[in-house]
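Source file: work.cif; contents: mmCIF, C-alpha atoms.
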data_data
#
loop_
_atom_site.label_atom_id
_atom_site.label_comp_id
_atom_site.auth_asym_id
_atom_site.auth_seq_id
_atom_site.Cartn_x
_atom_site.Cartn_y
_atom_site.Cartn_z
CA MET A 1 -123.06 16.05 -15.84
CA ASN A 2 -123.53 12.30 -15.62
CA ASP A 3 -124.94 11.06 -18.91
CA ASN A 4 -127.19 8.47 -17.29
CA PRO A 5 -130.84 9.49 -17.08
CA GLU A 6 -130.91 8.83 -13.33
CA ASN A 7 -127.73 10.74 -12.52
CA GLU A 8 -127.16 11.22 -8.83
CA THR A 9 -125.00 14.33 -8.67
CA ALA A 10 -125.98 17.95 -9.15
CA PRO A 11 -123.60 20.58 -10.50
CA ASP A 12 -122.00 22.71 -7.80
CA GLU A 13 -123.38 26.20 -8.35
CA THR A 14 -121.08 27.93 -5.85
CA THR A 15 -117.35 28.33 -5.52
CA PRO A 16 -115.52 27.77 -2.23
CA ASP A 17 -115.10 31.49 -1.52
CA GLU A 18 -118.86 32.09 -1.85
CA THR A 19 -119.89 29.77 0.95
CA ALA A 20 -118.65 29.53 4.53
CA PRO A 21 -116.93 26.23 5.47
CA ASP A 22 -119.66 25.13 7.88
CA GLU A 23 -122.34 25.94 5.31
CA THR A 24 -120.43 24.00 2.68
CA ALA A 25 -120.22 20.97 4.98
CA GLN A 26 -123.92 21.16 5.75
CA ASP A 27 -124.76 21.43 2.08
CA GLU A 28 -122.57 18.45 1.21
CA THR A 29 -124.23 16.40 3.95
CA ALA A 30 -127.67 17.35 2.68
CA GLN A 31 -126.69 16.47 -0.89
CA GLU A 32 -125.34 13.10 0.23
CA ARG A 33 -128.59 12.34 2.07
CA LEU A 34 -130.55 13.33 -1.01
CA ARG A 35 -128.43 11.03 -3.20
CA GLU A 36 -128.94 8.15 -0.79
CA ARG A 37 -132.66 8.78 -0.66
CA ARG A 38 -132.93 8.96 -4.45
CA ALA A 39 -130.90 5.78 -4.87
CA ALA A 40 -133.06 3.90 -2.35
CA ALA A 41 -136.26 5.12 -4.02
CA TYR A 42 -134.98 4.10 -7.43
CA ARG A 43 -134.00 0.60 -6.28
CA ALA A 44 -137.36 0.07 -4.59
CA ALA A 45 -139.52 1.54 -7.36
CA GLY A 46 -141.66 -0.97 -9.17
CA ARG A 47 -142.23 1.32 -12.15
CA VAL A 48 -139.71 3.55 -13.92
CA LEU A 49 -139.33 4.67 -17.51
CA ALA A 50 -135.72 3.50 -17.70
CA ARG A 51 -133.44 1.18 -15.77
CA VAL A 52 -129.71 1.83 -15.76
CA ASN A 53 -126.94 -0.24 -14.27
CA LEU A 54 -125.04 2.42 -12.32
CA ARG A 55 -126.81 1.52 -9.08
CA ALA A 56 -126.29 -2.25 -9.35
CA SER A 57 -123.86 -4.02 -7.03
CA LEU A 58 -120.52 -5.31 -8.26
CA ARG A 59 -121.71 -8.87 -7.65
CA ASP A 60 -124.86 -8.36 -9.68
CA GLN A 61 -122.98 -6.70 -12.52
CA LEU A 62 -120.41 -9.47 -12.74
CA ALA A 63 -123.13 -12.14 -12.66
CA LEU A 64 -125.14 -10.41 -15.37
CA LEU A 65 -122.07 -9.96 -17.55
CA GLN A 66 -121.03 -13.60 -17.28
CA GLU A 67 -124.54 -14.77 -18.12
CA ALA A 68 -125.02 -12.41 -21.07
CA ALA A 69 -121.51 -12.56 -22.51
CA ALA A 70 -121.64 -16.32 -22.98
CA GLY A 71 -124.08 -15.76 -25.81
CA VAL A 72 -122.01 -13.17 -27.70
CA TYR A 73 -118.39 -14.33 -27.38
CA ASP A 74 -116.30 -17.43 -26.66
CA LEU A 75 -115.47 -17.11 -22.97
CA ASP A 76 -112.90 -19.89 -23.22
CA GLU A 77 -110.71 -17.65 -25.36
CA ALA A 78 -107.66 -16.08 -23.73
CA VAL A 79 -108.11 -12.63 -22.23
CA ASP A 80 -107.09 -9.62 -24.28
CA VAL A 81 -103.65 -8.07 -23.95
CA TYR A 82 -103.14 -4.49 -25.15
CA GLY A 83 -106.08 -4.49 -27.51
CA ASN A 84 -106.08 -7.93 -29.13
CA GLY A 85 -108.65 -10.73 -28.83
CA VAL A 86 -112.09 -9.56 -27.76
CA VAL A 87 -111.14 -5.90 -28.22
CA GLU A 88 -110.19 -6.49 -31.85
CA ALA A 89 -113.43 -8.41 -32.33
CA LEU A 90 -115.38 -5.43 -30.98
CA GLU A 91 -113.54 -3.05 -33.29
CA LYS A 92 -114.38 -5.18 -36.34
CA ARG A 93 -118.01 -5.40 -35.23
CA VAL A 94 -118.31 -1.62 -34.95
CA ALA A 95 -116.68 -1.04 -38.34
CA ALA A 96 -119.11 -3.49 -39.91
CA LEU A 97 -122.14 -1.89 -38.23
CA LEU A 98 -121.13 1.60 -39.35
CA GLY A 99 -119.86 0.57 -42.77
CA THR A 100 -116.37 2.04 -42.24
CA GLU A 101 -112.99 0.60 -43.18
CA ALA A 102 -111.81 0.31 -39.58
CA ALA A 103 -112.51 1.22 -35.97
CA ALA A 104 -110.44 1.63 -32.81
CA PHE A 105 -111.55 1.04 -29.24
CA PHE A 106 -110.94 3.85 -26.74
CA PRO A 107 -111.49 3.88 -22.98
CA THR A 108 -113.37 7.21 -23.22
CA GLY A 109 -115.10 9.32 -25.81
CA THR A 110 -113.21 12.39 -24.62
CA MET A 111 -109.95 10.73 -25.66
CA ALA A 112 -111.36 9.34 -28.91
CA GLN A 113 -112.54 12.73 -30.15
CA GLN A 114 -109.38 14.58 -29.17
CA VAL A 115 -107.35 12.02 -31.08
CA ALA A 116 -109.63 12.10 -34.13
CA LEU A 117 -109.58 15.87 -34.45
CA ARG A 118 -105.86 16.29 -33.86
CA CYS A 119 -105.28 13.67 -36.56
CA TRP A 120 -107.50 15.64 -38.93
CA ALA A 121 -105.70 18.86 -37.96
CA GLY A 122 -102.43 17.31 -39.09
CA ARG A 123 -103.96 16.27 -42.40
CA THR A 124 -105.73 19.57 -43.15
CA GLY A 125 -103.07 21.85 -41.75
CA ASN A 126 -105.75 23.69 -39.77
CA ALA A 127 -106.17 23.08 -36.03
CA THR A 128 -109.46 24.99 -35.81
CA VAL A 129 -112.59 22.93 -35.09
CA ALA A 130 -116.02 24.42 -35.75
CA LEU A 131 -118.76 23.17 -33.45
CA HIS A 132 -121.91 24.11 -31.58
CA ALA A 133 -121.68 26.18 -28.41
CA LEU A 134 -123.56 23.37 -26.61
CA ALA A 135 -121.33 20.58 -27.94
CA HIS A 136 -120.09 18.16 -25.30
CA PRO A 137 -116.39 19.16 -25.57
CA GLU A 138 -117.31 22.82 -25.07
CA VAL A 139 -119.60 22.27 -22.07
CA HIS A 140 -118.44 19.16 -20.24
CA GLU A 141 -114.75 18.49 -20.92
CA ARG A 142 -112.86 21.37 -19.23
CA ASP A 143 -111.50 22.78 -22.49
CA ALA A 144 -109.70 19.52 -23.27
CA PHE A 145 -109.55 20.27 -26.99
CA ARG A 146 -107.49 23.36 -26.30
CA GLU A 147 -105.60 22.38 -23.15
CA VAL A 148 -104.62 18.83 -24.14
CA ALA A 149 -104.99 18.43 -27.89
CA GLY A 150 -103.78 21.89 -28.91
CA LEU A 151 -106.92 22.54 -30.95
CA ARG A 152 -108.80 25.80 -31.32
CA THR A 153 -112.59 25.76 -31.30
CA VAL A 154 -114.98 28.24 -32.88
CA ARG A 155 -118.71 28.22 -32.15
CA VAL A 156 -120.86 28.25 -35.25
CA THR A 157 -124.12 28.91 -33.40
CA ARG A 158 -125.67 29.05 -29.93
CA GLU A 159 -129.21 28.30 -31.12
CA PRO A 160 -130.80 25.17 -29.56
CA ARG A 161 -130.51 23.23 -32.82
CA LEU A 162 -127.80 21.92 -35.09
CA PRO A 163 -125.99 24.44 -37.36
CA THR A 164 -127.57 25.21 -40.72
CA ALA A 165 -125.84 24.96 -44.10
CA ARG A 166 -126.03 28.73 -44.43
CA GLU A 167 -124.30 29.24 -41.10
CA ILE A 168 -121.52 26.91 -42.21
CA ARG A 169 -121.12 28.60 -45.59
CA ASP A 170 -121.19 32.13 -44.14
CA PHE A 171 -119.02 31.55 -41.07
CA GLU A 172 -116.35 34.24 -41.03
CA GLU A 173 -113.35 32.11 -40.05
CA PRO A 174 -111.65 29.19 -41.79
CA PHE A 175 -111.72 25.83 -40.02
CA GLY A 176 -110.21 22.46 -40.76
CA ALA A 177 -112.96 20.29 -39.28
CA LEU A 178 -116.65 20.57 -38.51
CA MET A 179 -117.83 18.52 -35.54
CA LEU A 180 -121.54 17.71 -35.35
CA GLU A 181 -123.03 16.19 -32.21
CA LEU A 182 -125.82 13.82 -33.25
CA PRO A 183 -128.10 14.17 -31.36
CA LEU A 184 -127.25 17.46 -29.63
CA ARG A 185 -127.85 16.43 -26.03
CA ASP A 186 -127.86 19.78 -24.23
CA ALA A 187 -130.36 21.25 -26.69
CA GLY A 188 -132.82 18.43 -25.97
CA PHE A 189 -131.33 15.46 -27.85
CA VAL A 190 -132.27 17.16 -31.10
CA LEU A 191 -131.41 16.19 -34.66
CA PRO A 192 -131.68 17.97 -38.00
CA SER A 193 -133.71 16.47 -40.81
CA TRP A 194 -131.84 14.18 -43.19
CA GLU A 195 -131.96 16.85 -45.87
CA GLU A 196 -130.60 19.49 -43.48
CA LEU A 197 -127.79 17.19 -42.38
CA THR A 198 -126.70 16.41 -45.93
CA GLU A 199 -126.74 20.12 -46.78
CA VAL A 200 -124.60 20.98 -43.74
CA VAL A 201 -122.06 18.30 -44.65
CA ALA A 202 -121.94 19.54 -48.25
CA ALA A 203 -121.41 23.12 -47.04
CA ALA A 204 -118.46 22.03 -44.91
CA ARG A 205 -116.95 20.11 -47.80
CA ASP A 206 -117.33 23.16 -50.02
CA ARG A 207 -115.04 24.90 -47.53
CA ASP A 208 -112.51 22.04 -47.78
CA ALA A 209 -113.26 20.98 -44.21
CA VAL A 210 -113.58 17.42 -42.96
CA VAL A 211 -116.68 16.37 -41.03
CA HIS A 212 -116.56 14.46 -37.75
CA PHE A 213 -119.68 13.11 -36.05
CA ASP A 214 -119.81 13.16 -32.26
CA GLY A 215 -122.11 10.16 -32.39
CA ALA A 216 -122.11 9.14 -28.74
CA ARG A 217 -125.81 8.46 -29.25
CA LEU A 218 -125.72 7.89 -33.00
CA TRP A 219 -127.11 4.39 -32.49
CA GLU A 220 -130.66 5.69 -31.92
CA THR A 221 -130.84 8.18 -34.80
CA THR A 222 -132.04 5.72 -37.45
CA VAL A 223 -135.75 6.24 -36.73
CA HIS A 224 -135.58 10.03 -37.08
CA PHE A 225 -133.39 9.96 -40.18
CA GLY A 226 -135.15 6.99 -41.75
CA ARG A 227 -131.75 5.65 -42.80
CA PRO A 228 -129.57 2.70 -41.69
CA LEU A 229 -126.43 3.33 -39.65
CA PRO A 230 -123.95 2.85 -42.55
CA GLU A 231 -125.72 5.48 -44.64
CA ILE A 232 -125.68 7.94 -41.74
CA ALA A 233 -122.04 7.30 -40.88
CA ASP A 234 -121.05 7.53 -44.56
CA LEU A 235 -121.78 11.26 -44.53
CA ALA A 236 -118.85 11.88 -42.16
CA ASP A 237 -115.12 11.44 -42.51
CA SER A 238 -114.97 9.95 -39.01
CA VAL A 239 -117.46 8.93 -36.34
CA TYR A 240 -117.24 8.42 -32.58
CA VAL A 241 -119.75 6.17 -30.81
CA SER A 242 -120.25 5.33 -27.14
CA PHE A 243 -120.90 1.92 -25.64
CA TYR A 244 -122.64 3.00 -22.44
CA LYS A 245 -124.86 5.98 -23.19
CA SER A 246 -127.39 3.97 -25.20
CA LEU A 247 -126.14 0.40 -25.10
CA GLY A 248 -125.88 -0.12 -21.34
CA GLY A 249 -122.19 -1.00 -21.37
CA PHE A 250 -119.66 -0.42 -18.61
CA GLY A 251 -117.93 2.36 -20.56
CA GLY A 252 -115.70 2.72 -23.58
CA ALA A 253 -116.03 4.19 -27.05
CA ALA A 254 -114.93 3.63 -30.63
CA LEU A 255 -113.59 5.84 -33.36
CA ALA A 256 -114.51 4.67 -36.87
CA GLY A 257 -113.34 5.85 -40.26
CA PRO A 258 -110.81 5.21 -43.04
CA ALA A 259 -108.05 2.73 -42.25
CA PRO A 260 -105.13 5.22 -42.46
CA LEU A 261 -106.84 7.55 -39.97
CA ILE A 262 -107.58 4.72 -37.55
CA GLU A 263 -103.99 3.49 -37.69
CA GLU A 264 -102.73 6.95 -36.76
CA ALA A 265 -105.43 7.20 -34.09
CA LYS A 266 -104.16 4.01 -32.49
CA ALA A 267 -100.68 5.53 -32.23
CA TRP A 268 -102.13 8.58 -30.49
CA ARG A 269 -104.27 6.33 -28.29
CA HIS A 270 -101.03 4.80 -27.01
CA ARG A 271 -99.51 8.26 -26.43
CA TYR A 272 -102.59 9.35 -24.50
CA GLY A 273 -102.38 6.31 -22.22
CA GLY A 274 -105.40 4.65 -23.76
CA LEU A 275 -103.75 1.35 -24.70
CA VAL A 276 -104.94 -0.41 -21.56
CA PHE A 277 -103.42 -3.77 -20.57
CA GLN A 278 -106.74 -5.65 -20.35
CA GLN A 279 -110.22 -4.39 -21.19
CA PHE A 280 -112.26 -7.56 -21.63
CA PRO A 281 -115.07 -6.65 -19.15
CA THR A 282 -115.77 -3.38 -20.97
CA ALA A 283 -115.42 -4.99 -24.41
CA LEU A 284 -117.71 -7.87 -23.49
CA ALA A 285 -120.32 -5.50 -22.07
CA ALA A 286 -120.16 -3.50 -25.31
CA LEU A 287 -120.72 -6.63 -27.40
CA VAL A 288 -123.70 -7.53 -25.20
CA GLY A 289 -125.11 -4.04 -25.74
CA LEU A 290 -124.70 -4.31 -29.50
CA ASP A 291 -126.51 -7.65 -29.47
CA ARG A 292 -129.27 -6.84 -27.00
CA GLU A 293 -129.89 -3.10 -26.86
CA LEU A 294 -129.04 -1.90 -30.36
CA PRO A 295 -131.90 -3.85 -32.02
CA ARG A 296 -134.35 -2.47 -29.42
CA LEU A 297 -133.44 1.20 -29.70
CA PRO A 298 -135.98 1.89 -32.48
CA ASP A 299 -138.72 0.57 -30.18
CA TYR A 300 -137.50 2.86 -27.40
CA VAL A 301 -137.56 5.86 -29.73
CA ARG A 302 -141.07 5.15 -30.95
CA HIS A 303 -142.41 4.61 -27.43
CA ALA A 304 -140.67 7.74 -26.18
CA ARG A 305 -142.99 9.63 -28.51
CA VAL A 306 -146.01 8.00 -26.84
CA VAL A 307 -144.67 8.90 -23.39
CA ALA A 308 -143.82 12.47 -24.39
CA ALA A 309 -147.29 13.08 -25.82
CA ALA A 310 -148.93 11.67 -22.68
CA LEU A 311 -146.75 13.81 -20.42
CA GLY A 312 -147.77 16.93 -22.30
CA GLU A 313 -151.44 15.97 -22.15
CA GLY A 314 -151.13 15.14 -18.46
CA PHE A 315 -149.69 18.51 -17.54
CA THR A 316 -152.42 20.27 -19.54
CA GLU A 317 -155.15 18.25 -17.85
CA THR A 318 -153.83 18.94 -14.35
CA GLY A 319 -153.81 22.68 -14.85
CA VAL A 320 -150.08 23.28 -14.49
CA PRO A 321 -149.68 26.97 -15.46
CA TRP A 322 -147.00 26.20 -18.03
CA SER A 323 -145.05 23.16 -19.20
CA ARG A 324 -142.98 22.06 -22.12
CA VAL A 325 -141.92 18.70 -23.48
CA HIS A 326 -138.98 19.25 -25.80
CA PRO A 327 -138.90 18.19 -28.58
CA GLY A 328 -142.67 17.76 -28.73
CA GLU A 329 -142.05 14.63 -30.76
CA PRO A 330 -138.73 13.27 -29.46
CA HIS A 331 -136.01 12.68 -32.04
CA THR A 332 -134.51 9.85 -29.96
CA HIS A 333 -135.57 7.92 -26.85
CA GLN A 334 -134.52 10.89 -24.68
CA PHE A 335 -136.08 14.33 -24.31
CA GLN A 336 -136.53 17.22 -21.89
CA VAL A 337 -139.39 18.24 -19.59
CA TRP A 338 -139.60 21.86 -18.40
CA LEU A 339 -141.84 23.02 -15.53
CA PRO A 340 -142.41 26.35 -13.71
CA TYR A 341 -141.24 25.22 -10.27
CA GLU A 342 -138.04 25.27 -8.25
CA ALA A 343 -135.82 22.23 -8.75
CA ASP A 344 -135.95 21.28 -5.06
CA ALA A 345 -139.75 21.16 -5.10
CA LEU A 346 -139.80 18.98 -8.20
CA THR A 347 -137.18 16.62 -6.79
CA GLU A 348 -139.12 16.28 -3.55
CA ALA A 349 -142.41 15.61 -5.36
CA ALA A 350 -140.78 12.95 -7.55
CA LEU A 351 -139.18 11.30 -4.52
CA ARG A 352 -142.39 11.29 -2.50
CA GLN A 353 -144.26 9.75 -5.42
CA ALA A 354 -141.65 7.00 -5.71
CA GLU A 355 -141.51 6.31 -1.97
CA GLU A 356 -145.27 6.31 -1.47
CA THR A 357 -146.50 4.66 -4.67
CA GLY A 358 -143.54 2.75 -6.12
CA THR A 359 -143.75 4.80 -9.34
CA TYR A 360 -140.69 6.95 -10.04
CA LEU A 361 -141.91 9.02 -12.98
CA PHE A 362 -139.06 11.56 -12.96
CA ALA A 363 -136.01 9.77 -11.63
CA GLY A 364 -133.56 12.19 -13.23
CA PHE A 365 -131.94 15.28 -11.79
CA TRP A 366 -133.96 18.50 -11.99
CA ALA A 367 -131.76 21.43 -13.05
CA THR A 368 -132.58 25.09 -12.40
CA LYS A 369 -132.83 26.90 -15.73
CA GLY A 370 -134.10 30.29 -14.58
CA PRO A 371 -136.14 31.92 -11.81
CA GLY A 372 -138.77 29.34 -10.94
CA VAL A 373 -138.07 27.22 -14.03
CA SER A 374 -136.46 23.77 -14.00
CA MET A 375 -135.71 21.01 -16.49
CA THR A 376 -135.15 17.28 -16.34
CA GLU A 377 -134.19 14.72 -18.96
CA VAL A 378 -136.44 11.72 -19.56
CA THR A 379 -135.24 8.44 -21.04
CA VAL A 380 -137.40 5.54 -22.20
CA THR A 381 -135.86 2.06 -22.33
CA ALA A 382 -137.18 -1.47 -21.93
CA ALA A 383 -138.60 -0.70 -18.48
CA GLY A 384 -140.86 1.97 -20.00
CA LEU A 385 -142.25 0.02 -22.94
CA ASP A 386 -145.26 -1.28 -21.01
CA TRP A 387 -146.38 2.19 -19.88
CA THR A 388 -149.56 3.18 -21.70
CA GLY A 389 -150.46 6.79 -22.40
CA GLU A 390 -153.24 6.56 -19.83
CA GLU A 391 -150.82 5.31 -17.17
CA VAL A 392 -148.40 8.15 -17.91
CA ARG A 393 -151.18 10.73 -17.60
CA ALA A 394 -152.28 9.21 -14.28
CA ALA A 395 -148.73 9.30 -12.99
CA VAL A 396 -148.46 12.97 -14.01
CA ALA A 397 -151.64 13.81 -12.11
CA ASP A 398 -150.31 12.08 -9.00
CA PHE A 399 -146.96 13.87 -9.35
CA VAL A 400 -148.50 17.31 -9.80
CA ALA A 401 -150.72 16.77 -6.77
CA ARG A 402 -147.55 16.59 -4.68
CA LEU A 403 -146.21 19.95 -5.87
CA PRO A 404 -146.57 23.02 -3.63
#

When written as structure tokens, how does the structure in this file appear?
Amino acid sequence: MNDNPENETAPDETTPDETAPDETAQDETAQERLRERRAAAYRAAGRVLARVNLRASLRDQLALLQEAAAGVYDLDEAVDVYGNGVVEALEKRVAALLGTEAAAFFPTGTMAQQVALRCWAGRTGNATVALHALAHPEVHERDAFREVAGLRTVRVTREPRLPTAREIRDFEEPFGALMLELPLRDAGFVLPSWEELTEVVAAARDRDAVVHFDGARLWETTVHFGRPLPEIADLADSVYVSFYKSLGGFGGAALAGPAPLIEEAKAWRHRYGGLVFQQFPTALAALVGLDRELPRLPDYVRHARVVAAALGEGFTETGVPWSRVHPGEPHTHQFQVWLPYEADALTEAALRQAEETGTYLFAGFWATKGPGVSMTEVTVTAAGLDWTGEEVRAAVADFVARLP
């Protein structure tokens, strides 16, 4: 699934042999029309809770990058070649922000985490990685850990929360590394408490396992944990962070940790094809995100709690038979909304509201989660900071009025 809050593609719920060719073509045409309609509504909407750059034109993106990058890096410097220059500057910046000895830039988080965990497997002598059943590599990466990196994964829990220290201590199989996704996106962007996290890490260490943080969205965890980034990152032996999921970059990721690990990771990056000739647009966009978005993330998290509370109140006031905002108090600036309607009906109501009023309250994809139950993810960024609770409740009432 696209990680952007306004993703435009829905998962294909059928296989080719389940649907006749003409029906498949009709469905693809309908989906394309829906994507175009959603994109047009999003561009035209005067009010949204989050703005993302995936629908901007190439011209606009280049213009914005040139304008913003001038304030974060010397644009008269020579372009990077195989990871020097601006890429090295980004790596040093990330290491400083996380308080680690070193960091390495990767084109994707999928590659960064495979490399990190195969490096740890070589050091521990154990290629088994313990993780959550909803962890990104298990759900969204086509078994890359096993098929590409030669790793074996074991699922510590399937509960919609992070593993507990007891589950780690009592797990029946040995493992060389514990991977913790912070926050756990598919469970609702949830985080443990700081005390729970430290206990889980200690339990893993008691089993002589290393701890790796899948911190694609680690940047926005400081409010929930009440700790600065270096203190959070210091719990782990290595940390991966993303430059586009929270920071608005073009893509890219970084692996941070002890210098010897990062040096080995860079060798594997080359073997994986990740030592790209020039990456200055992505590196510059990441630096812009660190300068502009990172300082604002705490504000987004705090306002997401205002929005979430107002959404819950709005659904109660409108008489919806059942609804859930999860978590009730968001742990980050992203959370889930569950409603007892078919996904198509919710998508249509959201689109009609956007087209007719200019307010796109639920611009994300609605996913079917059971008979007559659907879920969407909500993100609050700069565009949502001026929404008051009263305005959110009014938008909910207008949205619900459009439901069948």

May I ask for the distance between CA of Asp186 (chain A) and CA of Leu134 (chain A), given in Å to one decimal place?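 One can read the CA of Asp186 (chain A) to CA of Leu134 (chain A) distance as 6.1 Å.
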
Check the smallest atom-to-atom distance from each of A:His326, A:His136, A:Arg38, A:Arg155 to Val190 (chain A) using all atoms listed in the file, then report the winner.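 Nearest to Val190 (chain A): A:His326.
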
Residues in the PyMOL selection byres ((chain A and resi 121) around 12), expressed as a PyMOL selection string: chain A and resi 114-120+122-130+145+149-153+175-178+209-212+261

Rounded to one decimal in Å, what is the spacing between CA of Ile168 (chain A) and CA of Ala204 (chain A)? 6.4 Å

Given the PyMOL selection byres ((chain A and resi 81-91) around 7) and the file above, list the residues it selects as a PyMOL selection string. chain A and resi 79-80+92-95+103-105+275-278+280+283+287

Of the candidates A:Ala63, A:Ala135, A:Val48, A:Pro260, which shows the shortest atom-to-atom distance to Leu385 (chain A), using only C-alpha atoms?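 When distances to Leu385 (chain A) are compared using only C-alpha atoms, the smallest one comes from A:Val48.
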
Please provide as a list in words all residues within 10 Å of Glu167 (chain A), with the sequence filter that same-chain residues fewer than 5 positions apart are discarded (counting only C-alpha atoms). Val156, Thr157, Glu172, Val200 and Ala203 of chain A

Result set, the PyMOL selection byres ((chain A and resi 331-343) around 7) on current file, as a PyMOL selection string: chain A and resi 188-191+220-221+224+300-301+304+322-327+329-330+344-347+366-368+372-380

Straight-line distance linking CA of Arg402 (chain A) with CA of Ala349 (chain A), stated in Å to one decimal: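 Interatomic distance, CA of Arg402 (chain A) to CA of Ala349 (chain A): 5.3 Å.
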
Calculated over all atoms listed in the file, which of the candidates A:Ala25, A:Met111, A:Ala267, A:Ala56 has the smallest distance to Ala40 (chain A)? A:Ala56

Pick from A:Glu101, A:Glu391, A:Glu141, A:Glu147: nearest to Leu311 (chain A), with only C-alpha atoms counted? A:Glu391

Best match for closeness to Gly252 (chain A) among A:Gly273, A:Val201, A:Gly109, A:Arg292, counting all atoms listed in the file: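 Ranked by minimum distance to Gly252 (chain A), first place goes to A:Gly109.
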
Closest of A:Tyr73, A:Arg207, A:Thr110, A:Ala78 to Glu173 (chain A) - atom-to-atom distances counting only C-alpha atoms: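 Result for the nearest residue to Glu173 (chain A): A:Arg207.
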
Neighbour list for region 353-358 of chain A as number ranges by chain, cut-off 10 Å, all atoms listed in the file, skip fewer than 4 positions in-chain: A: 37-38, 40-48, 347-349, 362-363, 395, 398-402
